[in-house]
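Novice: Next comes the structure file structure-v6.csv, holding CSV, C-alpha atoms.
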```csv
chain,number,residue,atom,x,y,z
A,1,MET,CA,0.0,0.0,0.0
A,2,PRO,CA,1.5,3.4,-0.9
A,3,LEU,CA,2.3,5.9,1.8
A,4,GLU,CA,0.0,8.8,2.1
A,5,LEU,CA,0.5,12.0,4.2
A,6,THR,CA,-3.2,12.1,5.2
A,7,ALA,CA,-3.0,8.5,6.5
A,8,ALA,CA,0.3,9.3,8.3
A,9,ASP,CA,-1.2,12.4,9.9
A,10,GLU,CA,-4.2,10.4,11.2
A,11,TYR,CA,-2.1,7.5,12.5
A,12,ILE,CA,0.4,9.8,14.3
A,13,GLN,CA,-2.4,11.9,15.8
A,14,LEU,CA,-4.0,8.8,17.3
A,15,ASN,CA,-1.0,6.6,18.1
A,16,VAL,CA,2.1,8.6,18.8
A,17,LEU,CA,2.5,10.5,22.1
A,18,ASP,CA,5.2,12.9,21.1
A,19,ARG,CA,3.9,14.2,17.8
A,20,ASP,CA,4.4,18.0,18.0
A,21,ASP,CA,7.4,18.1,15.7
A,22,TRP,CA,5.6,16.0,13.1
A,23,GLN,CA,2.6,18.3,13.3
A,24,ASP,CA,4.9,21.4,13.0
A,25,ALA,CA,6.6,20.0,9.9
A,26,ASP,CA,5.5,21.2,6.4
A,27,GLN,CA,4.4,18.7,3.8
A,28,GLN,CA,7.8,18.5,2.1
A,29,GLN,CA,9.5,17.7,5.4
A,30,LYS,CA,6.8,15.1,6.3
A,31,THR,CA,7.4,13.5,2.9
A,32,SER,CA,11.1,13.4,3.5
A,33,PHE,CA,10.6,11.8,6.9
A,34,LEU,CA,8.3,9.2,5.4
A,35,LYS,CA,10.7,8.3,2.6
A,36,VAL,CA,13.7,8.0,5.0
A,37,SER,CA,11.6,6.0,7.4
A,38,GLU,CA,10.4,3.7,4.7
A,39,THR,CA,13.9,3.2,3.3
A,40,THR,CA,15.5,2.7,6.7
A,41,LEU,CA,12.9,0.1,7.9
A,42,LYS,CA,12.8,-1.8,4.6
A,43,ARG,CA,16.6,-2.2,4.8
A,44,LYS,CA,16.6,-3.1,8.4
A,45,PHE,CA,13.8,-5.7,8.1
A,46,ARG,CA,14.6,-7.1,4.7
A,47,LYS,CA,13.1,-10.5,5.5
A,48,TYR,CA,9.8,-9.0,6.6
A,49,ASP,CA,6.9,-7.0,5.3
A,50,VAL,CA,7.1,-3.5,6.9
A,51,PRO,CA,3.6,-2.2,7.6
A,52,ASN,CA,2.8,1.4,6.9
A,53,THR,CA,2.0,1.9,10.6
A,54,ALA,CA,5.6,1.1,11.5
A,55,ILE,CA,6.8,3.6,8.8
A,56,TYR,CA,4.5,6.3,10.2
A,57,HIS,CA,5.5,5.6,13.8
A,58,PHE,CA,9.2,5.9,12.9
A,59,ALA,CA,8.7,9.0,10.7
A,60,ALA,CA,7.2,10.8,13.7
A,61,LEU,CA,10.3,9.9,15.7
A,62,LEU,CA,12.6,11.2,12.9
A,63,ALA,CA,10.7,14.5,13.0
A,64,LEU,CA,11.5,14.7,16.7
A,65,ILE,CA,15.1,13.7,16.3
A,66,TYR,CA,15.7,16.1,13.5
A,67,ASN,CA,13.7,19.1,14.7
A,68,ASP,CA,15.3,22.6,14.6
A,69,THR,CA,16.3,22.8,18.3
A,70,ASN,CA,17.9,19.3,18.3
A,71,LYS,CA,19.8,20.2,15.1
A,72,LEU,CA,21.5,23.1,16.9
A,73,GLN,CA,22.7,20.8,19.6
A,74,GLN,CA,24.0,18.3,17.0
A,75,HIS,CA,26.0,21.1,15.5
A,76,GLY,CA,27.7,21.9,18.8
A,77,VAL,CA,25.7,24.9,19.9
A,78,ALA,CA,25.9,25.0,23.8
A,79,SER,CA,23.1,27.5,24.3
A,80,PHE,CA,21.1,30.3,22.6
A,81,SER,CA,18.3,32.6,23.4
A,82,ILE,CA,15.7,34.6,21.6
A,83,THR,CA,15.2,37.9,23.5
A,84,GLY,CA,11.9,38.0,25.3
A,85,VAL,CA,10.9,34.6,24.0
A,86,ALA,CA,13.0,31.7,25.2
A,87,SER,CA,16.4,30.6,26.3
A,88,PHE,CA,17.9,27.1,25.6
A,89,THR,CA,20.9,25.6,27.2
A,90,PHE,CA,21.9,22.1,26.2
A,91,LYS,CA,23.0,19.7,29.0
A,92,GLU,CA,26.3,17.9,28.3
A,93,ASN,CA,25.5,14.2,28.0
A,94,ASN,CA,26.7,11.1,26.3
A,95,VAL,CA,23.4,10.6,24.4
A,96,LYS,CA,23.9,9.7,20.7
A,97,THR,CA,23.1,12.6,18.4
A,98,PRO,CA,22.2,12.0,14.7
A,99,GLY,CA,25.3,13.7,13.3
A,100,GLY,CA,26.9,10.8,11.3
A,101,ILE,CA,24.7,8.1,12.9
A,102,ALA,CA,22.5,6.0,10.6
A,103,PRO,CA,18.7,6.5,11.2
A,104,SER,CA,18.4,2.7,11.9
A,105,GLU,CA,20.2,3.3,15.2
A,106,PHE,CA,17.1,5.1,16.4
A,107,ILE,CA,14.5,2.4,15.7
A,108,THR,CA,12.5,1.9,18.9
A,109,ALA,CA,10.9,-1.2,20.5
A,110,ASP,CA,7.5,0.1,19.3
A,111,VAL,CA,8.6,-0.2,15.7
A,112,TYR,CA,10.1,-3.7,16.2
A,113,GLU,CA,6.7,-4.7,17.7
A,114,LEU,CA,4.7,-3.3,14.8
A,115,VAL,CA,6.9,-5.1,12.2
A,116,GLY,CA,6.8,-8.3,14.3
A,117,GLU,CA,3.0,-8.3,14.7
A,118,ALA,CA,2.5,-7.7,11.0
A,119,ASN,CA,4.7,-10.8,10.3
A,120,GLY,CA,3.6,-13.1,13.1
A,121,VAL,CA,7.1,-13.1,14.7
A,122,ASP,CA,8.6,-11.7,17.9
A,123,LEU,CA,11.3,-9.2,17.0
A,124,THR,CA,11.4,-7.5,20.5
A,125,THR,CA,14.1,-9.9,21.8
A,126,ARG,CA,16.8,-8.5,19.5
A,127,ARG,CA,20.3,-9.5,20.3
A,128,ARG,CA,23.4,-7.4,20.0
A,129,VAL,CA,26.5,-9.1,18.9
A,130,GLY,CA,29.7,-7.6,20.1
A,131,ARG,CA,33.4,-8.3,20.4
A,132,THR,CA,35.3,-8.9,23.5
A,133,VAL,CA,39.0,-8.7,23.8
A,134,ILE,CA,40.6,-10.7,26.6
```
Taking this structure as input, can you express it in the form of structure tokens?
Specialist:
Amino acid sequence: MPLELTAADEYIQLNVLDRDDWQDADQQQKTSFLKVSETTLKRKFRKYDVPNTAIYHFAALLALIYNDTNKLQQHGVASFSITGVASFTFKENNVKTPGGIAPSEFITADVYELVGEANGVDLTTRRRVGRTVI
């Protein structure tokens, strides 16, 4: 089924808690978030059918991750203020920021559940394989 902005708006309005950045985005931005979401999820879940609901859910998350304020932090801005309106100071932390990180690193458990449910499998027990040097 092709992706539609109207369907994405309706799904996100009813099923995503943090949807403000999605709602604030213009149609071109929303289309970009949907395309990146679809491409990322279809690459990540090559063996499975990716439902539109998972794509919509992840697109809303991408809108949050790549909002204007977060982009400033990603580019190293420590703080800024708009006289008489607001002041922002970013806390130093070790949280991953999107600069140079693949969008697939931000896929949430909700998205794994949506893909798993659509395919009749449990994808929530993902394992991470790492190396250990002794």
Novice: Name the residues in contact with Leu123 (chain A) at a cut-off of 10 Å, using all atoms listed in the file, excluding same-chain residues fewer than 6 positions from it; report them as a list in words.
Specialist: Phe45, Ala109, Val111, Tyr112, Glu113, Leu114, Val115, Gly116 and Glu117 of chain A
Novice: Which residues are near Lys35 (chain A)? Cut-off 9 Å, all atoms listed in the file, ignore same chain within fewer than 4 positions. Put them as a CSV table (one decimal) with C-alpha atoms, in the frame of the given file.
Specialist:
```
chain,number,residue,atom,x,y,z
A,3,LEU,CA,2.3,5.9,1.8
A,30,LYS,CA,6.8,15.1,6.3
A,31,THR,CA,7.4,13.5,2.9
A,39,THR,CA,13.9,3.2,3.3
A,40,THR,CA,15.5,2.7,6.7
A,55,ILE,CA,6.8,3.6,8.8
A,59,ALA,CA,8.7,9.0,10.7
```
Novice: Just to confirm, what's the straight-line distance from CA of Pro103 (chain A) to CA of Leu62 (chain A) in Å (one decimal)?
Specialist: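 Computing it gives 7.9 Å between the two atoms.
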Novice: Which one is closest to Glu105 (chain A): A:Thr53, A:Gln28, A:Gln23, A:Ser37? Count only C-alpha atoms.
Specialist: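 For Glu105 (chain A), the nearest of the given residues is A:Ser37.
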Novice: Between CA of Asp26 (chain A) and CA of Ala118 (chain A), what is the spacing in Å?
Specialist: 29.4 Å
